[in-house]
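Colleague: Below you'll find protein06.cif; it's mmCIF, C-alpha atoms and all ligand atoms; chains and numbers go by the auth columns.
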data_model
loop_
_atom_site.group_PDB
_atom_site.id
_atom_site.type_symbol
_atom_site.label_atom_id
_atom_site.label_comp_id
_atom_site.label_asym_id
_atom_site.label_seq_id
_atom_site.Cartn_x
_atom_site.Cartn_y
_atom_site.Cartn_z
_atom_site.B_iso_or_equiv
_atom_site.auth_seq_id
_atom_site.auth_asym_id
ATOM 1 C CA MET A 1 0.000 0.000 0.000 0.00 1 A
ATOM 2 C CA ILE A 2 1.341 3.423 -0.970 0.00 2 A
ATOM 3 C CA ARG A 3 0.808 6.424 1.316 0.00 3 A
ATOM 4 C CA THR A 4 1.965 10.025 1.368 0.00 4 A
ATOM 5 C CA ILE A 5 4.026 11.310 4.270 0.00 5 A
ATOM 6 C CA THR A 6 4.983 14.892 4.969 0.00 6 A
ATOM 7 C CA CYS A 7 7.780 15.715 7.343 0.00 7 A
ATOM 8 C CA THR A 8 10.711 18.012 7.879 0.00 8 A
ATOM 9 C CA ILE A 9 14.185 16.665 7.225 0.00 9 A
ATOM 10 C CA ASN A 10 17.121 18.794 8.296 0.00 10 A
ATOM 11 C CA SER A 11 14.815 21.851 8.353 0.00 11 A
ATOM 12 C CA LYS A 12 13.442 21.271 4.846 0.00 12 A
ATOM 13 C CA PRO A 13 9.818 20.215 4.290 0.00 13 A
ATOM 14 C CA ILE A 14 9.380 17.079 2.179 0.00 14 A
ATOM 15 C CA THR A 15 6.480 15.026 0.890 0.00 15 A
ATOM 16 C CA TRP A 16 7.118 11.460 -0.208 0.00 16 A
ATOM 17 C CA GLN A 17 5.038 8.597 -1.540 0.00 17 A
ATOM 18 C CA ILE A 18 6.123 5.542 0.381 0.00 18 A
ATOM 19 C CA ASP A 19 5.301 1.881 0.609 0.00 19 A
ATOM 20 C CA VAL A 20 3.957 1.472 4.138 0.00 20 A
ATOM 21 C CA ARG A 21 6.166 -1.601 4.644 0.00 21 A
ATOM 22 C CA MET A 22 9.391 0.370 4.168 0.00 22 A
ATOM 23 C CA SER A 23 11.664 1.293 7.033 0.00 23 A
ATOM 24 C CA LEU A 24 12.641 4.899 7.578 0.00 24 A
ATOM 25 C CA ALA A 25 16.259 3.895 6.851 0.00 25 A
ATOM 26 C CA ASP A 26 15.342 2.543 3.415 0.00 26 A
ATOM 27 C CA VAL A 27 13.222 5.591 2.557 0.00 27 A
ATOM 28 C CA LEU A 28 15.920 8.013 3.678 0.00 28 A
ATOM 29 C CA ARG A 29 18.629 6.213 1.711 0.00 29 A
ATOM 30 C CA ALA A 30 16.420 5.956 -1.382 0.00 30 A
ATOM 31 C CA ASN A 31 16.002 9.731 -1.234 0.00 31 A
ATOM 32 C CA GLY A 32 19.693 10.542 -1.002 0.00 32 A
ATOM 33 C CA PHE A 33 20.291 10.563 2.757 0.00 33 A
ATOM 34 C CA THR A 34 23.031 7.997 2.413 0.00 34 A
ATOM 35 C CA SER A 35 24.706 8.960 5.678 0.00 35 A
ATOM 36 C CA VAL A 36 22.121 6.586 7.157 0.00 36 A
ATOM 37 C CA LYS A 37 23.897 3.241 7.158 0.00 37 A
ATOM 38 C CA GLU A 38 22.337 -0.144 7.494 0.00 38 A
ATOM 39 C CA GLY A 39 24.540 -2.515 9.452 0.00 39 A
ATOM 40 C CA CYS A 40 22.550 -5.145 11.288 0.00 40 A
ATOM 41 C CA GLY A 41 19.035 -4.226 10.147 0.00 41 A
ATOM 42 C CA VAL A 42 17.586 -5.405 13.456 0.00 42 A
ATOM 43 C CA GLY A 43 18.130 -2.527 15.880 0.00 43 A
ATOM 44 C CA GLU A 44 21.405 -3.723 17.408 0.00 44 A
ATOM 45 C CA CYS A 45 24.259 -1.653 15.959 0.00 45 A
ATOM 46 C CA GLY A 46 23.032 1.967 15.794 0.00 46 A
ATOM 47 C CA ALA A 47 24.554 2.624 12.359 0.00 47 A
ATOM 48 C CA CYS A 48 21.158 3.816 11.120 0.00 48 A
ATOM 49 C CA ALA A 49 20.404 6.155 14.043 0.00 49 A
ATOM 50 C CA VAL A 50 18.685 9.461 13.257 0.00 50 A
ATOM 51 C CA LEU A 51 16.743 11.917 15.391 0.00 51 A
ATOM 52 C CA VAL A 52 12.962 11.842 15.064 0.00 52 A
ATOM 53 C CA ASP A 53 11.317 14.622 17.035 0.00 53 A
ATOM 54 C CA ASP A 54 14.522 14.886 19.043 0.00 54 A
ATOM 55 C CA LEU A 55 14.646 11.229 20.004 0.00 55 A
ATOM 56 C CA VAL A 56 17.360 8.840 18.817 0.00 56 A
ATOM 57 C CA VAL A 57 15.715 6.212 16.643 0.00 57 A
ATOM 58 C CA ASP A 58 17.167 3.141 14.944 0.00 58 A
ATOM 59 C CA SER A 59 15.667 3.884 11.560 0.00 59 A
ATOM 60 C CA CYS A 60 16.084 0.291 10.307 0.00 60 A
ATOM 61 C CA ILE A 61 13.351 -0.860 12.679 0.00 61 A
ATOM 62 C CA TYR A 62 11.217 2.294 12.462 0.00 62 A
ATOM 63 C CA LEU A 63 8.574 2.350 9.737 0.00 63 A
ATOM 64 C CA ALA A 64 8.708 5.422 7.536 0.00 64 A
ATOM 65 C CA ILE A 65 4.954 5.848 7.905 0.00 65 A
ATOM 66 C CA TRP A 66 5.464 6.469 11.640 0.00 66 A
ATOM 67 C CA ALA A 67 7.571 9.508 10.743 0.00 67 A
ATOM 68 C CA ASP A 68 4.634 11.271 9.081 0.00 68 A
ATOM 69 C CA GLY A 69 4.440 14.790 10.525 0.00 69 A
ATOM 70 C CA SER A 70 7.729 14.548 12.367 0.00 70 A
ATOM 71 C CA ASN A 71 10.950 16.508 12.410 0.00 71 A
ATOM 72 C CA ILE A 72 13.875 14.318 11.319 0.00 72 A
ATOM 73 C CA ARG A 73 17.569 15.101 11.601 0.00 73 A
ATOM 74 C CA THR A 74 20.328 13.200 9.855 0.00 74 A
ATOM 75 C CA VAL A 75 24.026 13.934 9.841 0.00 75 A
ATOM 76 C CA GLU A 76 23.674 15.620 6.417 0.00 76 A
ATOM 77 C CA GLY A 77 22.031 18.549 8.190 0.00 77 A
ATOM 78 C CA GLU A 78 24.599 19.051 10.934 0.00 78 A
ATOM 79 C CA ALA A 79 27.361 20.939 9.114 0.00 79 A
ATOM 80 C CA LYS A 80 26.662 24.483 7.960 0.00 80 A
ATOM 81 C CA GLY A 81 28.447 24.682 4.630 0.00 81 A
ATOM 82 C CA ASP A 82 32.093 23.917 5.321 0.00 82 A
ATOM 83 C CA GLN A 83 31.605 24.500 9.049 0.00 83 A
ATOM 84 C CA LEU A 84 31.316 21.187 10.862 0.00 84 A
ATOM 85 C CA SER A 85 29.016 20.971 13.856 0.00 85 A
ATOM 86 C CA GLU A 86 30.659 21.035 17.250 0.00 86 A
ATOM 87 C CA VAL A 87 30.203 17.283 17.620 0.00 87 A
ATOM 88 C CA GLN A 88 31.531 16.512 14.141 0.00 88 A
ATOM 89 C CA GLN A 89 34.599 18.660 14.810 0.00 89 A
ATOM 90 C CA ALA A 90 35.153 16.938 18.154 0.00 90 A
ATOM 91 C CA TYR A 91 35.009 13.527 16.468 0.00 91 A
ATOM 92 C CA LEU A 92 37.735 14.665 14.077 0.00 92 A
ATOM 93 C CA ASP A 93 39.845 16.229 16.833 0.00 93 A
ATOM 94 C CA THR A 94 39.779 13.060 18.918 0.00 94 A
ATOM 95 C CA GLY A 95 40.346 10.551 16.111 0.00 95 A
ATOM 96 C CA SER A 96 36.856 9.092 16.485 0.00 96 A
ATOM 97 C CA VAL A 97 36.419 8.565 12.747 0.00 97 A
ATOM 98 C CA GLN A 98 38.223 5.558 11.361 0.00 98 A
ATOM 99 C CA CYS A 99 36.346 3.497 8.742 0.00 99 A
ATOM 100 C CA GLY A 100 33.429 5.863 9.388 0.00 100 A
ATOM 101 C CA PHE A 101 30.604 3.358 8.931 0.00 101 A
ATOM 102 C CA CYS A 102 29.263 3.858 12.448 0.00 102 A
ATOM 103 C CA THR A 103 29.999 7.584 12.548 0.00 103 A
ATOM 104 C CA PRO A 104 26.787 9.209 11.226 0.00 104 A
ATOM 105 C CA GLY A 105 24.624 7.324 13.711 0.00 105 A
ATOM 106 C CA LEU A 106 27.014 7.944 16.577 0.00 106 A
ATOM 107 C CA VAL A 107 27.243 11.637 15.751 0.00 107 A
ATOM 108 C CA MET A 108 23.459 11.935 15.987 0.00 108 A
ATOM 109 C CA THR A 109 23.406 10.214 19.388 0.00 109 A
ATOM 110 C CA SER A 110 26.275 12.392 20.604 0.00 110 A
ATOM 111 C CA THR A 111 24.517 15.497 19.273 0.00 111 A
ATOM 112 C CA LYS A 112 21.371 14.660 21.187 0.00 112 A
ATOM 113 C CA PHE A 113 23.424 13.963 24.327 0.00 113 A
ATOM 114 C CA VAL A 114 25.383 17.207 24.061 0.00 114 A
ATOM 115 C CA GLU A 115 22.257 19.269 23.385 0.00 115 A
ATOM 116 C CA THR A 116 20.573 17.692 26.408 0.00 116 A
ATOM 117 C CA HIS A 117 23.483 18.049 28.820 0.00 117 A
ATOM 118 C CA LYS A 118 25.184 21.280 27.745 0.00 118 A
ATOM 119 C CA GLY A 119 25.975 23.288 30.846 0.00 119 A
ATOM 120 C CA GLY A 120 25.225 20.380 33.181 0.00 120 A
ATOM 121 C CA LYS A 121 27.411 17.808 34.882 0.00 121 A
ATOM 122 C CA VAL A 122 27.907 14.461 33.197 0.00 122 A
ATOM 123 C CA SER A 123 29.937 11.421 34.099 0.00 123 A
ATOM 124 C CA ARG A 124 31.797 9.118 31.721 0.00 124 A
ATOM 125 C CA ASP A 125 29.333 6.461 32.705 0.00 125 A
ATOM 126 C CA MET A 126 26.426 8.604 31.493 0.00 126 A
ATOM 127 C CA ILE A 127 28.173 9.113 28.161 0.00 127 A
ATOM 128 C CA ARG A 128 28.901 5.392 27.864 0.00 128 A
ATOM 129 C CA ARG A 129 25.311 4.437 28.641 0.00 129 A
ATOM 130 C CA ALA A 130 23.895 7.017 26.215 0.00 130 A
ATOM 131 C CA HIS A 131 26.011 5.521 23.417 0.00 131 A
ATOM 132 C CA GLY A 132 25.391 1.902 24.422 0.00 132 A
ATOM 133 C CA GLY A 133 23.176 1.268 21.405 0.00 133 A
ATOM 134 C CA HIS A 134 26.085 1.677 18.999 0.00 134 A
ATOM 135 C CA ILE A 135 28.686 -0.784 17.826 0.00 135 A
ATOM 136 C CA CYS A 136 31.992 0.509 16.480 0.00 136 A
ATOM 137 C CA ARG A 137 34.492 -2.058 15.228 0.00 137 A
ATOM 138 C CA CYS A 138 37.389 0.390 14.905 0.00 138 A
ATOM 139 C CA THR A 139 37.809 2.928 17.667 0.00 139 A
ATOM 140 C CA GLY A 140 37.481 1.122 20.984 0.00 140 A
ATOM 141 C CA TYR A 141 35.001 3.856 22.016 0.00 141 A
ATOM 142 C CA GLU A 142 37.431 5.816 24.185 0.00 142 A
ATOM 143 C CA SER A 143 37.950 8.535 21.580 0.00 143 A
ATOM 144 C CA ILE A 144 34.186 8.888 21.126 0.00 144 A
ATOM 145 C CA ILE A 145 33.760 9.487 24.853 0.00 145 A
ATOM 146 C CA ARG A 146 36.507 12.107 24.679 0.00 146 A
ATOM 147 C CA ALA A 147 34.745 13.784 21.747 0.00 147 A
ATOM 148 C CA VAL A 148 31.572 14.163 23.784 0.00 148 A
ATOM 149 C CA GLU A 149 33.558 15.422 26.773 0.00 149 A
ATOM 150 C CA GLN A 150 35.256 17.979 24.544 0.00 150 A
ATOM 151 C CA CYS A 151 31.836 19.388 23.588 0.00 151 A
ATOM 152 C CA LEU A 152 30.644 19.516 27.168 0.00 152 A
ATOM 153 C CA GLU A 153 33.824 20.792 28.787 0.00 153 A
ATOM 154 C CA PRO A 154 35.627 22.875 26.144 0.00 154 A
ATOM 155 C CA GLU A 155 37.180 25.093 28.799 0.00 155 A
ATOM 156 C CA GLU A 156 38.778 22.022 30.447 0.00 156 A
ATOM 157 C CA LYS A 157 40.346 21.049 27.145 0.00 157 A
ATOM 158 C CA ASN A 158 41.849 24.466 26.597 0.00 158 A
ATOM 159 C CA ARG A 159 43.538 24.748 29.992 0.00 159 A
HETATM 160 S S1 LIG B . 21.248 -1.042 11.078 0.00 201 B
HETATM 161 FE FE1 LIG B . 19.783 -0.213 12.418 0.00 201 B
HETATM 162 S S2 LIG B . 20.484 -0.743 14.383 0.00 201 B
HETATM 163 FE FE2 LIG B . 21.865 -1.773 13.030 0.00 201 B
HETATM 164 S S1 LIG B . 34.871 3.880 12.893 0.00 202 B
HETATM 165 FE FE1 LIG B . 34.723 1.931 11.905 0.00 202 B
HETATM 166 S S2 LIG B . 32.995 0.990 12.828 0.00 202 B
HETATM 167 FE FE2 LIG B . 33.280 2.825 13.942 0.00 202 B
#
Could you write out this file's structure as structure tokens?

Modeller:
Amino acid sequence: MIRTITCTINSKPITWQIDVRMSLADVLRANGFTSVKEGCGVGECGACAVLVDDLVVDSCIYLAIWADGSNIRTVEGEAKGDQLSEVQQAYLDTGSVQCGFCTPGLVMTSTKFVETHKGGKVSRDMIRRAHGGHICRCTGYESIIRAVEQCLEPEEKNR
């Protein structure tokens, strides 16, 4: 069955005809949002994570029809021209991007975490738990934690 959905993706309104059986990941990729990676396809690895109405969602197990009327953010919308977002820059600074397959999903989870906790106190454990839905084969995770810390405590880094 084909239905029409209307939503906002990275601040731009879109209207798409979709098969109601399609996942949000498949619809996003089919429409050029190829930052959204499909690793496991069953909600285990986080490679497909995007923000839907400010919540981190594994888009491989989220039907596109559920996104009707929502505000979606993918990593394509995070940089402003050549200016990387704070989180993207921190990932680069800390060496958190290696093969890069997991990176778009992780960046969206980190972005949500940083936006939620900016100005507050966070522990490493909180950062670890917030990113627990992601698998990264390359980095060992330590650099990713440091990237998030850099965004939350920039003054510490510059001392
Ligand atoms: S591809 Fe969606 S969680 Fe692994
Ligand atoms: S950087 Fe390769 S899987 Fe994370």

Colleague: Give one line per residue of range 29-113 of chain A that approaches range 121-135 of chain A to at most 7 Å, naming the two atoms of the closest pair and their distance in Å to one decimal, counting all atoms listed in the file; sort by chain then ascending residue number and deliver it as JSON lines.

Modeller:
{"residue": "A:Glu44", "atom": "CA", "partner": "A:Gly133", "partner_atom": "CA", "distance": 6.6}
{"residue": "A:Cys45", "atom": "CA", "partner": "A:His134", "partner_atom": "CA", "distance": 4.9}
{"residue": "A:Gly46", "atom": "CA", "partner": "A:His134", "partner_atom": "CA", "distance": 4.4}
{"residue": "A:Ala47", "atom": "CA", "partner": "A:His134", "partner_atom": "CA", "distance": 6.9}
{"residue": "A:Leu106", "atom": "CA", "partner": "A:His134", "partner_atom": "CA", "distance": 6.8}
{"residue": "A:Thr109", "atom": "CA", "partner": "A:His131", "partner_atom": "CA", "distance": 6.7}

Colleague: Using only C-alpha atoms and all ligand atoms, can you tell me which of A:Val57, A:Val20, A:Ile14, A:Ala79 comes closest to ligand LIG 201 (chain B)?

Modeller: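 Going through A:Val57, A:Val20, A:Ile14, A:Ala79 one by one, the smallest distance to ligand LIG 201 (chain B) is for A:Val57.
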
Colleague: Could you tell me, counting all atoms listed in the file, which protein and nucleic acid residues lie no more than 6 Å from ligand LIG 202 (chain B), written as a list in words?

Modeller: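 Answer in the requested format: Val97, Gln98, Cys99, Gly100, Phe101, Cys102, Thr103, Cys136, Arg137, Cys138 and Thr139 of chain A.
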
Colleague: If you keep C-alpha atoms, can you produce a file of those selected residues as a compact mmCIF listing (two decimals), in the coordinates of the input?

Modeller:
# COMPACT_ATOMS: atom_id res chain seq x y z
CA VAL A 97 36.42 8.56 12.75
CA GLN A 98 38.22 5.56 11.36
CA CYS A 99 36.35 3.50 8.74
CA GLY A 100 33.43 5.86 9.39
CA PHE A 101 30.60 3.36 8.93
CA CYS A 102 29.26 3.86 12.45
CA THR A 103 30.00 7.58 12.55
CA CYS A 136 31.99 0.51 16.48
CA ARG A 137 34.49 -2.06 15.23
CA CYS A 138 37.39 0.39 14.90
CA THR A 139 37.81 2.93 17.67

Colleague: Just how far from CA of Tyr141 in chain A is CA of Ser59 in chain A, in Å to one decimal?

Modeller: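 Between these atoms lies a distance of 22.0 Å.
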
Colleague: Quick one, how far is CA of Cys7 in chain A from CA of Val56 in chain A?

Modeller: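 We find that CA of Cys7 in chain A and CA of Val56 in chain A lie 16.5 Å from each other.
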
Colleague: Name each residue within 7 Å of ligand LIG 201 (chain B), counting all atoms listed in the file, as a list of chain:residue names.

Modeller: A:Lys37, A:Glu38, A:Gly39, A:Cys40, A:Gly41, A:Val42, A:Gly43, A:Glu44, A:Cys45, A:Gly46, A:Ala47, A:Cys48, A:Ala49, A:Asp58, A:Ser59, A:Cys60, A:Ile61

Colleague: I need the output of the PyMOL selection byres (((chain A and resi 85) around 12) and not hetatm) for this file as a list of chain:residue names; which residues are they?

Modeller: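 With the PyMOL selection byres (((chain A and resi 85) around 12) and not hetatm) on this model, the match is A:Val75, A:Glu76, A:Gly77, A:Glu78, A:Ala79, A:Lys80, A:Gly81, A:Asp82, A:Gln83, A:Leu84, A:Glu86, A:Val87, A:Gln88, A:Gln89, A:Ala90, A:Tyr91, A:Leu92, A:Val107, A:Met108, A:Ser110, A:Thr111, A:Val114, A:Glu115, A:Cys151.
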
Colleague: Name every residue that the PyMOL selection byres (((chain A and resi 28) around 12) and not hetatm) selects in this structure, writing the answer as a PyMOL selection string with chains first and numbers rising.

Modeller: chain A and resi 7+9-10+14+16+18+22-27+29-38+48-50+59-60+62-65+67+72-76

Colleague: Quote the spacing between CA of Asp53 in chain A and CA of Ser96 in chain A in Å to one decimal place.

Modeller: 26.1 Å

Colleague: Let me have the centre and edge lengths of the axis-aligned box enclosing all listed atoms of range 71-89 of chain A with 6 Å padding on every side, in Å to one decimal, as lines of an AutoDock Vina configuration file.

Modeller:
center_x = 22.8
center_y = 18.9
center_z = 11.1
size_x = 35.6
size_y = 23.5
size_z = 25.0
